[in-house]
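Reviewing the structure listed below.
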Amino acid sequence: MAGLDAIAVGQVARDLVLLVDEVPDASRTAPVRCRRELLGGKGANQAVGLAQLGARVGLLGVVGLDEVGDRLLGRARSDGIDVAPVLRREGTPSALIVDVVDAHGRWRYLEDIPEETLLTEADVAGAEDVVRAARAVLVQLQQPLPAALAAARCARAADRLVLLDGAPDDPDGAAELLALADVLRADAREVGLIVGDPPRDADAGLRAGRQLLGRGPSLVAVEVAGEGNAFVWPGGELFVPLSETPTVDSTGAGDAFVAALTVGLLRGEPPERTARYAVAAAGATVGHPGGRPALTPAAIEEQLARIPAS
């Protein structure tokens with residue numbers, strides 16, 4: 001595992017994406033206009049995005065010892081992801097996420113995520129060598145707090161770049177995680193869980209970013225829903241509006257954002273450039289159903305051209 005640029009610590013799932021004109025009322029039916037079956041889950045989506053952007057990436061998560069798990073790992077390997085750290089858990093089905101998206105870009109998730117498909121502290125301890133070897137460790141905070149803390153502590157002890165994605169439910173855990181983090185990315189709802197109120201505009205997003213910066217991270221990226229993203233770092237801040245792209249499905253935009261943010265940081269790019277790169281990656285993901293990114297150089301360049309001036 002030596003030489004990996006990043007490892008994504010988080011969910012691995014089968015994604016079933018159904019695009020419909022309208023979600024039917026009870027006791028009614030609706031035809032499916034598009035159906036996609038994908039490798040999904042936040043950990044896997046971020047690993048795919050990292051691989052597409054040229055990073056050498058591994059994945060630490062859990063799948064069942066079942067046929068679905070076989071297919072998910074095969075798909076990840078074909079995407080260029082090192083899946084050696086993925087655990088196979090006997091006696092549980094692999095996680096399933098059904099993403100129902102209507103013609104207005106509104107999504108509804110139906111999730112079957114057995115507890116056994118979540119990482120434990122012991123799972124992370126067993127992968128300590130893998131985590132310590134990666135240059136960057138991405139920790140999804142949808143995982144149980146003990147596992148997230150174990151991954152962040154391990155990465156910090158090895159002086160690796162620690163990126164947190166999300167918001168923990170436990171305030172005490174949040175304090176320690178933020179102190180361990182180099183980077184925090186949170187969507188508007190998650191920001192509200194940490195600071196008490198989701199930001200409604202650019203100024204509020206920047207204020208929230210400054211508040212979170214004081215709790216430990218050296219870079220904070222805060223979503224302002226429907227508007228853009230606020231970035232704050234020591235000595236600077238920037239609000240980047242969303243690219244002017246019609247949204248088919250916002251699923252996975254945050255995962256593409258985090259993948260591009262990570263790559264920009266690993267390349268040593270200035271914060272301003274990394275910020276626009278991350279927003280461009282998110283924009284390149286919302287134009288198709290499902291959370292799987294498609295981060296080609298052409299797609300990124302097209303999105304960069306569509307982002308309004310900050």
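Residues in the structure tokens are named by chain (A, B, ... in the order shown) and by number from 1 within that chain; ligands are numbered from 1 in the order shown.
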Taking the chain letters and numbering used in this document, name the residues of stretch 64-226 of chain A that DSSP puts in alpha helix (DSSP H), as a ChimeraX atom specification.
/A:67-78,121-126,128-133,145-157,171-180,188-195,202-213
Could you list, with a cut-off of 10 Å and counting only C-alpha atoms, the residues of stretch 203-272 of chain A near stretch 127-140 of chain A, each shown with its nearest atom pair and the distance in Å rounded to one decimal, rows sorted by chain and ascending number, as CSV?
```
residue,atom,partner,partner_atom,distance
A:Asp255,CA,A:Gln140,CA,9.8
A:Val258,CA,A:Leu138,CA,8.5
A:Ala259,CA,A:Leu138,CA,8.9
A:Thr262,CA,A:Ala136,CA,7.6
A:Val263,CA,A:Ala136,CA,9.3
A:Leu265,CA,A:Ala136,CA,9.3
A:Leu266,CA,A:Ala136,CA,7.8
```
Output C-alpha atoms for every residue in the selection just made, as a PDB file, in the first residue's frame.
```pdb
ATOM      1  CA  ASP A 255     -18.091  13.682  -3.108  1.00  0.00           C
ATOM      2  CA  VAL A 258     -14.008  16.547  -1.826  1.00  0.00           C
ATOM      3  CA  ALA A 259     -12.039  14.466  -4.327  1.00  0.00           C
ATOM      4  CA  THR A 262      -7.937  16.692  -1.995  1.00  0.00           C
ATOM      5  CA  VAL A 263      -6.110  16.536  -5.322  1.00  0.00           C
ATOM      6  CA  LEU A 265      -4.125  20.238  -1.906  1.00  0.00           C
ATOM      7  CA  LEU A 266      -1.858  17.290  -2.684  1.00  0.00           C
TER       8      LEU A 266
END
```
What's around stretch 211-220 of chain A at 7 Å? Count only C-alpha atoms, leave out sequence neighbours fewer than 6 positions away in its own chain, and write the answer as a ChimeraX atom specification.
/A:178-185,231-234
Within 8 Å of A:Ser250 using only C-alpha atoms, minus same-chain residues under 2 positions, as number ranges by chain
A: 105, 107, 247-248, 252-253, 285-286, 291
Measure the distance from atom CA of A:Gln46 to atom CA of A:Ala157 in Å and round it to one decimal.
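About the pair atom CA of A:Gln46 and atom CA of A:Ala157: they are 23.1 Å apart.
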As a list in words, please: the residues near A:Leu59 (cut-off 8 Å, only C-alpha atoms, same-chain neighbours under 4 positions excluded).
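The residues satisfying every condition are Ile7, Ala8, Val9, Gly10, Gly43, Ala44, Ala47, Ile81, Asp82, Val83, Ala84, Pro85 and Val86 of chain A.
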Residues within 9 Å of A:Ala260, only C-alpha atoms, excluding chain neighbours under 5 positions, as a ChimeraX atom specification:
/A:49-50,53,255,265,274-275,277-282,295
Quick one: pull the distance between atom CA of A:Arg160 and atom CA of A:Asp5, Å, one decimal.
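Going from atom CA of A:Arg160 over to atom CA of A:Asp5 covers 10.3 Å.
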8 Å contact set for A:Gln52, only C-alpha atoms, chain neighbours under 6 positions out, as a count of residues only:
4
Between atom CA of A:Val98 and atom CA of A:Gly41, what is the distance in Å, rounded to a tenth?
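If I compute the distance from atom CA of A:Val98 to atom CA of A:Gly41, I get 10.9 Å.
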Kindly indicate which residue among A:Ala103, A:Ala284, A:Ala158, A:Pro308 lies nearest to A:Val23, using only C-alpha atoms for the distances.
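Of all the options, A:Ala103 lies closest to A:Val23.
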Counting only C-alpha atoms, which of A:Gly40, A:Gly64, A:Pro270, A:Gly209 gets nearest to A:Gly290?
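Selected residue with least distance to A:Gly290: A:Gly40.
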As a PyMOL selection string, list the residues of stretch 69-310 of chain A assigned to strand (DSSP E) by DSSP on the backbone atoms of this structure.
chain A and resi 81-82+87-89+95-101+107-112+136-140+161-165+183-186+219-224+228-233+236-241
Could you list, with a cut-off of 7 Å and counting only C-alpha atoms, the residues of stretch 44-161 of chain A near stretch 13-17 of chain A, each shown with its nearest atom pair and the distance in Å rounded to one decimal, rows sorted by chain and ascending number, as a tab-separated table?
```
residue	atom	partner	partner_atom	distance
A:Leu72	CA	A:Arg14	CA	6.9
A:Ser94	CA	A:Ala13	CA	6.5
A:Ala95	CA	A:Ala13	CA	4.7
A:Leu96	CA	A:Arg14	CA	4.9
A:Ile97	CA	A:Asp15	CA	4.9
A:Val98	CA	A:Leu16	CA	4.7
A:Asp99	CA	A:Val17	CA	4.7
A:Val100	CA	A:Val17	CA	6.0
```
Just the selected residues (all heavy atoms), exported as a PDB file, in the first residue's frame, please.
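Saved the output as result.pdb:
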```
ATOM      1  N   LEU A  72     -19.249  -5.117  -6.576  1.00  0.00           N
ATOM      2  CA  LEU A  72     -18.803  -3.785  -6.172  1.00  0.00           C
ATOM      3  C   LEU A  72     -17.271  -3.695  -6.176  1.00  0.00           C
ATOM      4  O   LEU A  72     -16.695  -2.725  -6.667  1.00  0.00           O
ATOM      5  CB  LEU A  72     -19.345  -3.435  -4.787  1.00  0.00           C
ATOM      6  CG  LEU A  72     -20.863  -3.260  -4.670  1.00  0.00           C
ATOM      7  CD1 LEU A  72     -21.252  -3.021  -3.216  1.00  0.00           C
ATOM      8  CD2 LEU A  72     -21.359  -2.130  -5.547  1.00  0.00           C
ATOM      9  N   SER A  94     -24.505  -6.668   1.429  1.00  0.00           N
ATOM     10  CA  SER A  94     -23.877  -5.389   1.140  1.00  0.00           C
ATOM     11  C   SER A  94     -24.936  -4.284   1.160  1.00  0.00           C
ATOM     12  O   SER A  94     -26.117  -4.532   0.907  1.00  0.00           O
ATOM     13  CB  SER A  94     -23.191  -5.430  -0.226  1.00  0.00           C
ATOM     14  OG  SER A  94     -22.132  -6.371  -0.227  1.00  0.00           O
ATOM     15  N   ALA A  95     -24.514  -3.082   1.463  1.00  0.00           N
ATOM     16  CA  ALA A  95     -25.439  -1.954   1.578  1.00  0.00           C
ATOM     17  C   ALA A  95     -26.055  -1.629   0.219  1.00  0.00           C
ATOM     18  O   ALA A  95     -25.423  -1.790  -0.829  1.00  0.00           O
ATOM     19  CB  ALA A  95     -24.720  -0.739   2.138  1.00  0.00           C
ATOM     20  N   LEU A  96     -27.275  -1.136   0.246  1.00  0.00           N
ATOM     21  CA  LEU A  96     -28.014  -0.736  -0.955  1.00  0.00           C
ATOM     22  C   LEU A  96     -28.596   0.656  -0.742  1.00  0.00           C
ATOM     23  O   LEU A  96     -29.207   0.941   0.293  1.00  0.00           O
ATOM     24  CB  LEU A  96     -29.152  -1.715  -1.239  1.00  0.00           C
ATOM     25  CG  LEU A  96     -30.169  -1.300  -2.317  1.00  0.00           C
ATOM     26  CD1 LEU A  96     -29.508  -1.261  -3.692  1.00  0.00           C
ATOM     27  CD2 LEU A  96     -31.374  -2.237  -2.313  1.00  0.00           C
ATOM     28  N   ILE A  97     -28.402   1.533  -1.742  1.00  0.00           N
ATOM     29  CA  ILE A  97     -28.999   2.865  -1.731  1.00  0.00           C
ATOM     30  C   ILE A  97     -29.784   3.033  -3.021  1.00  0.00           C
ATOM     31  O   ILE A  97     -29.221   2.914  -4.113  1.00  0.00           O
ATOM     32  CB  ILE A  97     -27.928   3.971  -1.620  1.00  0.00           C
ATOM     33  CG1 ILE A  97     -27.097   3.789  -0.353  1.00  0.00           C
ATOM     34  CG2 ILE A  97     -28.582   5.352  -1.633  1.00  0.00           C
ATOM     35  CD1 ILE A  97     -25.898   4.717  -0.261  1.00  0.00           C
ATOM     36  N   VAL A  98     -31.073   3.290  -2.908  1.00  0.00           N
ATOM     37  CA  VAL A  98     -31.922   3.553  -4.067  1.00  0.00           C
ATOM     38  C   VAL A  98     -32.138   5.058  -4.144  1.00  0.00           C
ATOM     39  O   VAL A  98     -32.630   5.679  -3.200  1.00  0.00           O
ATOM     40  CB  VAL A  98     -33.277   2.818  -3.962  1.00  0.00           C
ATOM     41  CG1 VAL A  98     -34.129   3.112  -5.188  1.00  0.00           C
ATOM     42  CG2 VAL A  98     -33.058   1.313  -3.815  1.00  0.00           C
ATOM     43  N   ASP A  99     -31.753   5.635  -5.271  1.00  0.00           N
ATOM     44  CA  ASP A  99     -31.833   7.080  -5.492  1.00  0.00           C
ATOM     45  C   ASP A  99     -32.918   7.335  -6.538  1.00  0.00           C
ATOM     46  O   ASP A  99     -32.731   7.040  -7.714  1.00  0.00           O
ATOM     47  CB  ASP A  99     -30.470   7.576  -5.977  1.00  0.00           C
ATOM     48  CG  ASP A  99     -30.445   9.061  -6.312  1.00  0.00           C
ATOM     49  OD1 ASP A  99     -31.363   9.781  -5.896  1.00  0.00           O
ATOM     50  OD2 ASP A  99     -29.485   9.488  -7.005  1.00  0.00           O
ATOM     51  N   VAL A 100     -34.056   7.859  -6.089  1.00  0.00           N
ATOM     52  CA  VAL A 100     -35.171   8.152  -6.992  1.00  0.00           C
ATOM     53  C   VAL A 100     -35.151   9.649  -7.283  1.00  0.00           C
ATOM     54  O   VAL A 100     -35.292  10.469  -6.369  1.00  0.00           O
ATOM     55  CB  VAL A 100     -36.522   7.736  -6.373  1.00  0.00           C
ATOM     56  CG1 VAL A 100     -37.663   8.010  -7.357  1.00  0.00           C
ATOM     57  CG2 VAL A 100     -36.507   6.264  -5.984  1.00  0.00           C
TER      58      VAL A 100
END
```
